[in-house]
Amino acid sequence: MSDTTTTAQGQSNAETGELGASWAFLRTHLREYGILFALIAIMAFFQIATGGILLKPVNLTNLILQNSYIVIMAIGMLMVIVCGHIDLSVGSVLGFVGALAAVMIVNWDVPYLLAGALCLVVGGLIGAAQGFWIAYFRIPSFIVTLAGMLVFKGLTLWLLAGQSVGPFPPEFRLIASGFVPDFFGGEERNLFSLFVGVAVAVLILLMAIRTRRQQQKRGILDEPFAFFALKNGLIFLALVYMSWLMADFRGLPNVFIVMALLIAIYSFVTSRTTFGRRIYAIGGNEKAASLSGINSQRLTFLTFANMGMLAALAGLVFAARLNTATPKAGIAFELDVIAAVFIGGASMSGGVGTVIGAVVGAFIMGVMNNGMSILGIGIDWQQVIKGLVLLAAVIFDVMNKKKG
């Protein structure tokens, strides 16, 4: 056999091996990549179906504002679900905290900064109270948080006396309706917002490259370069394009900055800290985690306290956006939040899920709501379609586990 033939066969075998490794990687990480491509496909569909309305700067800004409180709560819910639990009370806590903020600011003339801080503390205490019974008395989270949902619905009605309370001071409303000012003095575009958006996109790309190099040095790199380049290239282009579009309107909303900070902080906590790793360990196998020295009770307690605080923050954002607190605020929000986390790739049995996945899941729900509303699809069919999408995500999770 000639050297040329041997070389050709070697190259062919290498290509076949690389292709097989790529397919194996894709099957293992189908959930992670599938959800990203699903968001792109859904956005492309509604962009075409709505005649380009979906990605107009005004509508894109509105999409972010409409889904900000869902994204904020989805981040906390991810940690609860990864830990192997669920929280059905988040919508009611959101409504109660919004009502409490309205009563303090509008009726009692409490300074809005102090009222906001107190509301976050109250939210944390509510989450801690529920987490106490779940973590230390082993009462199922479904029961405890279902009771919490009913309790805080009732307390919201009592606190508002069945009436809406508002309006809020303009300074308080800035958290949900304000925009980052243009410090560069752009006339047609908000240049500072564009600069921030591009800088964040570059930072995320550099961090991804750094992480890949670290994995390569440790010999634990399993992601083919083509997948890495495609995923991070799409994320980079999407962030830059979105920043360009929003800079054409009024720039980056204040609540977008809040969301970005939360995503960055909780992504770091869940993937790079001992606390985050232990939460995944508890969700994967609590008994094994406890035997290895992990204090599962304390971590579960803190996870619910964190969920309560984020629900309170979402309550402040929602109340500021509406400019009033209503007795019906937060109704069924827990369903959208839980659906976003499951659609984003979290497992029903715990131990699996990412912050980015939960955020992508929230935006899938948001894009579907926004797109169907633009197309004039009734709320009845919107609920049917959202329910089917959630069911499909859960079935996919179950089937994926059986294959594994």
# chains A, B, ... in the order shown; residues from 1 in each chain; ligands from 1
>>> residues_around(residues="A:Leu150", least_positions_apart="4", cutoff="8 Å", atoms="only C-alpha atoms", output="list in words")
Ser89, Ser92, Leu146 and Gly154 of chain A
>>> residues_around(residues="A:Ala305", least_positions_apart="2", cutoff="10 Å", atoms="only C-alpha atoms", output="list in words")
Gly76, Val121, Gly123, Gly124, Leu125, Ile126, Gly127, Ala128, Ala129, Gln130, Gly131, Phe132, Leu299, Thr300, Phe301, Leu302, Thr303, Met307, Gly308, Met309, Leu310 and Ala311 of chain A
>>> write_last_selection(atoms="all heavy atoms", output="short mmCIF file (atom, residue, chain, number, x, y, z; two decimals), in the first residue's frame")
data_model
loop_
_atom_site.label_atom_id
_atom_site.label_comp_id
_atom_site.auth_asym_id
_atom_site.auth_seq_id
_atom_site.Cartn_x
_atom_site.Cartn_y
_atom_site.Cartn_z
N GLY A 76 -34.29 32.96 40.21
CA GLY A 76 -34.45 32.36 41.53
C GLY A 76 -35.11 31.00 41.47
O GLY A 76 -34.71 30.07 42.20
N VAL A 121 -36.35 43.09 52.05
CA VAL A 121 -36.18 42.36 53.32
C VAL A 121 -37.40 41.51 53.60
O VAL A 121 -37.29 40.33 53.99
CB VAL A 121 -35.91 43.35 54.48
CG1 VAL A 121 -35.94 42.61 55.82
CG2 VAL A 121 -34.57 44.04 54.29
N GLY A 123 -39.54 40.32 51.44
CA GLY A 123 -39.53 39.20 50.49
C GLY A 123 -38.59 38.09 50.94
O GLY A 123 -38.95 36.90 50.89
N GLY A 124 -37.39 38.48 51.40
CA GLY A 124 -36.44 37.50 51.90
C GLY A 124 -36.98 36.75 53.11
O GLY A 124 -36.79 35.53 53.24
N LEU A 125 -37.67 37.46 54.00
CA LEU A 125 -38.25 36.83 55.20
C LEU A 125 -39.37 35.87 54.83
O LEU A 125 -39.51 34.80 55.45
CB LEU A 125 -38.76 37.91 56.16
CG LEU A 125 -37.68 38.76 56.84
CD1 LEU A 125 -38.32 39.90 57.65
CD2 LEU A 125 -36.81 37.90 57.76
N ILE A 126 -40.17 36.24 53.84
CA ILE A 126 -41.25 35.35 53.37
C ILE A 126 -40.64 34.05 52.83
O ILE A 126 -41.09 32.95 53.16
CB ILE A 126 -42.11 36.05 52.30
CG1 ILE A 126 -42.93 37.17 52.92
CG2 ILE A 126 -43.02 35.03 51.60
CD1 ILE A 126 -43.62 38.06 51.90
N GLY A 127 -39.62 34.20 51.97
CA GLY A 127 -38.95 33.02 51.42
C GLY A 127 -38.31 32.18 52.51
O GLY A 127 -38.38 30.94 52.49
N ALA A 128 -37.71 32.85 53.51
CA ALA A 128 -37.07 32.13 54.61
C ALA A 128 -38.09 31.37 55.45
O ALA A 128 -37.84 30.24 55.88
CB ALA A 128 -36.30 33.12 55.49
N ALA A 129 -39.26 31.99 55.68
CA ALA A 129 -40.31 31.33 56.47
C ALA A 129 -40.78 30.05 55.78
O ALA A 129 -40.97 29.02 56.43
CB ALA A 129 -41.47 32.30 56.68
N GLN A 130 -40.95 30.14 54.45
CA GLN A 130 -41.38 28.94 53.72
C GLN A 130 -40.25 27.91 53.66
O GLN A 130 -40.46 26.71 53.84
CB GLN A 130 -41.81 29.33 52.30
CG GLN A 130 -43.04 30.22 52.29
CD GLN A 130 -43.58 30.50 50.90
OE1 GLN A 130 -44.77 30.43 50.67
NE2 GLN A 130 -42.72 30.81 49.96
N GLY A 131 -39.03 28.39 53.43
CA GLY A 131 -37.88 27.50 53.38
C GLY A 131 -37.62 26.79 54.69
O GLY A 131 -37.12 25.65 54.70
N PHE A 132 -37.96 27.43 55.81
CA PHE A 132 -37.78 26.83 57.14
C PHE A 132 -38.57 25.53 57.26
O PHE A 132 -38.04 24.50 57.68
CB PHE A 132 -38.22 27.82 58.21
CG PHE A 132 -38.17 27.27 59.61
CD1 PHE A 132 -36.97 27.12 60.27
CD2 PHE A 132 -39.35 26.90 60.25
CE1 PHE A 132 -36.93 26.60 61.57
CE2 PHE A 132 -39.33 26.39 61.53
CZ PHE A 132 -38.11 26.23 62.20
N LEU A 299 -28.73 24.93 52.88
CA LEU A 299 -28.73 25.37 51.49
C LEU A 299 -30.15 25.49 50.93
O LEU A 299 -30.46 26.43 50.20
CB LEU A 299 -27.90 24.42 50.64
CG LEU A 299 -26.38 24.50 50.82
CD1 LEU A 299 -25.69 23.44 49.99
CD2 LEU A 299 -25.86 25.87 50.43
N THR A 300 -31.01 24.54 51.27
CA THR A 300 -32.41 24.61 50.83
C THR A 300 -33.09 25.84 51.41
O THR A 300 -33.81 26.57 50.72
CB THR A 300 -33.17 23.34 51.25
OG1 THR A 300 -32.54 22.20 50.67
CG2 THR A 300 -34.63 23.39 50.80
N PHE A 301 -32.84 26.09 52.69
CA PHE A 301 -33.39 27.27 53.37
C PHE A 301 -32.95 28.56 52.67
O PHE A 301 -33.77 29.43 52.38
CB PHE A 301 -32.92 27.27 54.83
CG PHE A 301 -33.26 28.51 55.60
CD1 PHE A 301 -34.54 28.71 56.10
CD2 PHE A 301 -32.30 29.50 55.82
CE1 PHE A 301 -34.86 29.87 56.80
CE2 PHE A 301 -32.60 30.65 56.51
CZ PHE A 301 -33.88 30.83 57.01
N LEU A 302 -31.65 28.68 52.36
CA LEU A 302 -31.13 29.88 51.71
C LEU A 302 -31.66 30.03 50.29
O LEU A 302 -31.89 31.15 49.81
CB LEU A 302 -29.59 29.82 51.69
CG LEU A 302 -28.89 29.96 53.04
CD1 LEU A 302 -27.40 29.73 52.89
CD2 LEU A 302 -29.17 31.33 53.65
N THR A 303 -31.87 28.90 49.62
CA THR A 303 -32.41 28.95 48.25
C THR A 303 -33.81 29.56 48.23
O THR A 303 -34.13 30.39 47.36
CB THR A 303 -32.44 27.53 47.65
OG1 THR A 303 -31.12 27.01 47.61
CG2 THR A 303 -32.99 27.56 46.23
N MET A 307 -35.18 33.13 46.73
CA MET A 307 -36.34 33.18 45.83
C MET A 307 -37.32 34.26 46.30
O MET A 307 -37.87 35.01 45.49
CB MET A 307 -37.02 31.81 45.80
CG MET A 307 -38.25 31.73 44.89
SD MET A 307 -37.89 31.78 43.12
CE MET A 307 -38.35 33.46 42.70
N GLY A 308 -37.54 34.34 47.59
CA GLY A 308 -38.45 35.36 48.13
C GLY A 308 -37.94 36.77 47.86
O GLY A 308 -38.73 37.66 47.50
N MET A 309 -36.63 36.98 47.99
CA MET A 309 -36.05 38.30 47.74
C MET A 309 -36.19 38.69 46.27
O MET A 309 -36.54 39.83 45.94
CB MET A 309 -34.59 38.31 48.15
CG MET A 309 -33.93 39.67 48.02
SD MET A 309 -32.15 39.60 48.20
CE MET A 309 -31.68 38.74 46.70
N LEU A 310 -35.94 37.74 45.37
CA LEU A 310 -36.07 38.04 43.93
C LEU A 310 -37.53 38.26 43.54
O LEU A 310 -37.82 39.07 42.66
CB LEU A 310 -35.44 36.91 43.10
CG LEU A 310 -33.92 36.83 43.15
CD1 LEU A 310 -33.41 35.65 42.33
CD2 LEU A 310 -33.28 38.11 42.64
N ALA A 311 -38.45 37.53 44.16
CA ALA A 311 -39.88 37.75 43.90
C ALA A 311 -40.27 39.16 44.36
O ALA A 311 -41.08 39.83 43.71
CB ALA A 311 -40.72 36.70 44.62
#
>>> select_by_dssp(residues="stretch 214-322 of chain A", states="helix (DSSP H, G or I)", output="PyMOL selection string")
chain A and resi 214-218+225-247+254-272+274-284+286-291+296-322
>>> closest_residue(among="A:Ile343, A:Ala247, A:Ile235, A:Thr324", to="A:Gly357", atoms="only C-alpha atoms")
A:Ile343
>>> residues_around(residues="A:Val258", least_positions_apart="4", cutoff="9 Å", atoms="only C-alpha atoms", output="list of chain:residue names")
A:Ile72, A:Ile175, A:Asn254, A:Leu262, A:Ile263
>>> residues_around(residues="A:Val394", least_positions_apart="3", cutoff="8 Å", atoms="only C-alpha atoms", output="PyMOL selection string")
chain A and resi 342-343+348+390-391+397-398
>>> write_last_selection(atoms="all heavy atoms", output="PDB file, in the first residue's frame")
ATOM      1  N   PHE A 342     -38.457  25.251  32.998  1.00  0.00           N
ATOM      2  CA  PHE A 342     -38.493  23.914  32.393  1.00  0.00           C
ATOM      3  C   PHE A 342     -38.204  23.966  30.897  1.00  0.00           C
ATOM      4  O   PHE A 342     -37.488  23.124  30.355  1.00  0.00           O
ATOM      5  CB  PHE A 342     -39.839  23.235  32.653  1.00  0.00           C
ATOM      6  CG  PHE A 342     -39.968  22.678  34.039  1.00  0.00           C
ATOM      7  CD1 PHE A 342     -41.099  22.900  34.792  1.00  0.00           C
ATOM      8  CD2 PHE A 342     -38.953  21.929  34.604  1.00  0.00           C
ATOM      9  CE1 PHE A 342     -41.226  22.389  36.072  1.00  0.00           C
ATOM     10  CE2 PHE A 342     -39.049  21.407  35.883  1.00  0.00           C
ATOM     11  CZ  PHE A 342     -40.187  21.639  36.621  1.00  0.00           C
ATOM     12  N   ILE A 343     -38.775  24.956  30.212  1.00  0.00           N
ATOM     13  CA  ILE A 343     -38.497  25.109  28.781  1.00  0.00           C
ATOM     14  C   ILE A 343     -37.016  25.405  28.569  1.00  0.00           C
ATOM     15  O   ILE A 343     -36.413  24.981  27.584  1.00  0.00           O
ATOM     16  CB  ILE A 343     -39.379  26.227  28.177  1.00  0.00           C
ATOM     17  CG1 ILE A 343     -40.838  25.763  28.123  1.00  0.00           C
ATOM     18  CG2 ILE A 343     -38.905  26.616  26.779  1.00  0.00           C
ATOM     19  CD1 ILE A 343     -41.819  26.856  27.765  1.00  0.00           C
ATOM     20  N   MET A 348     -37.069  18.067  35.879  1.00  0.00           N
ATOM     21  CA  MET A 348     -38.105  17.982  36.921  1.00  0.00           C
ATOM     22  C   MET A 348     -37.566  17.359  38.201  1.00  0.00           C
ATOM     23  O   MET A 348     -38.030  17.674  39.292  1.00  0.00           O
ATOM     24  CB  MET A 348     -39.281  17.133  36.425  1.00  0.00           C
ATOM     25  CG  MET A 348     -39.996  17.700  35.235  1.00  0.00           C
ATOM     26  SD  MET A 348     -41.254  16.545  34.664  1.00  0.00           S
ATOM     27  CE  MET A 348     -40.234  15.158  34.157  1.00  0.00           C
ATOM     28  N   LEU A 390     -44.861  23.819  26.840  1.00  0.00           N
ATOM     29  CA  LEU A 390     -44.355  23.329  28.125  1.00  0.00           C
ATOM     30  C   LEU A 390     -44.380  21.802  28.175  1.00  0.00           C
ATOM     31  O   LEU A 390     -43.404  21.161  28.594  1.00  0.00           O
ATOM     32  CB  LEU A 390     -45.185  23.907  29.278  1.00  0.00           C
ATOM     33  CG  LEU A 390     -44.865  23.361  30.680  1.00  0.00           C
ATOM     34  CD1 LEU A 390     -43.404  23.626  31.037  1.00  0.00           C
ATOM     35  CD2 LEU A 390     -45.788  23.975  31.714  1.00  0.00           C
ATOM     36  N   LEU A 391     -45.478  21.222  27.730  1.00  0.00           N
ATOM     37  CA  LEU A 391     -45.594  19.759  27.718  1.00  0.00           C
ATOM     38  C   LEU A 391     -44.517  19.140  26.835  1.00  0.00           C
ATOM     39  O   LEU A 391     -43.882  18.141  27.209  1.00  0.00           O
ATOM     40  CB  LEU A 391     -46.982  19.350  27.219  1.00  0.00           C
ATOM     41  CG  LEU A 391     -47.261  17.840  27.150  1.00  0.00           C
ATOM     42  CD1 LEU A 391     -47.164  17.212  28.541  1.00  0.00           C
ATOM     43  CD2 LEU A 391     -48.634  17.583  26.541  1.00  0.00           C
ATOM     44  N   ASP A 397     -37.454  16.257  27.980  1.00  0.00           N
ATOM     45  CA  ASP A 397     -36.574  15.973  29.116  1.00  0.00           C
ATOM     46  C   ASP A 397     -36.654  14.504  29.518  1.00  0.00           C
ATOM     47  O   ASP A 397     -35.632  13.848  29.742  1.00  0.00           O
ATOM     48  CB  ASP A 397     -36.967  16.874  30.300  1.00  0.00           C
ATOM     49  CG  ASP A 397     -36.158  16.560  31.546  1.00  0.00           C
ATOM     50  OD1 ASP A 397     -34.931  16.615  31.487  1.00  0.00           O
ATOM     51  OD2 ASP A 397     -36.767  16.249  32.586  1.00  0.00           O
ATOM     52  N   VAL A 398     -37.859  13.979  29.589  1.00  0.00           N
ATOM     53  CA  VAL A 398     -38.059  12.577  29.986  1.00  0.00           C
ATOM     54  C   VAL A 398     -37.449  11.630  28.961  1.00  0.00           C
ATOM     55  O   VAL A 398     -36.735  10.668  29.307  1.00  0.00           O
ATOM     56  CB  VAL A 398     -39.560  12.280  30.172  1.00  0.00           C
ATOM     57  CG1 VAL A 398     -39.797  10.786  30.399  1.00  0.00           C
ATOM     58  CG2 VAL A 398     -40.111  13.077  31.351  1.00  0.00           C
TER      59      VAL A 398
END
>>> closest_residue(among="A:Ala147, A:Ala135, A:Ile279, A:Ala117", to="A:Arg298", atoms="only C-alpha atoms")
A:Ala135
>>> closest_residue(among="A:Val97, A:Ile40, A:Ile377, A:Val82", to="A:Ser347", atoms="only C-alpha atoms")
A:Val82
>>> closest_atom_pairs(of="stretch 326-372 of chain A", to="stretch 270-275 of chain A", cutoff="10 Å", atoms="only C-alpha atoms", output="CSV")
residue,atom,partner,partner_atom,distance
A:Gly353,CA,A:Thr270,CA,9.7
A:Thr354,CA,A:Thr270,CA,7.8
A:Val355,CA,A:Thr270,CA,7.8
>>> closest_residue(among="A:Val240, A:Arg173, A:Ile395, A:Val367", to="A:Ala41", atoms="only C-alpha atoms")
A:Val367
>>> residues_around(residues="A:Ile331", least_positions_apart="4", cutoff="12 Å", atoms="only C-alpha atoms", output="list in words")
Leu88, Ser89, Val90, Gly91, Ser92, Val93, Leu94, Gly95, Phe96, Met149, Leu150, Phe152, Lys153, Thr156, Gly315, Thr326, Pro327, Leu335, Asp336 and Val337 of chain A
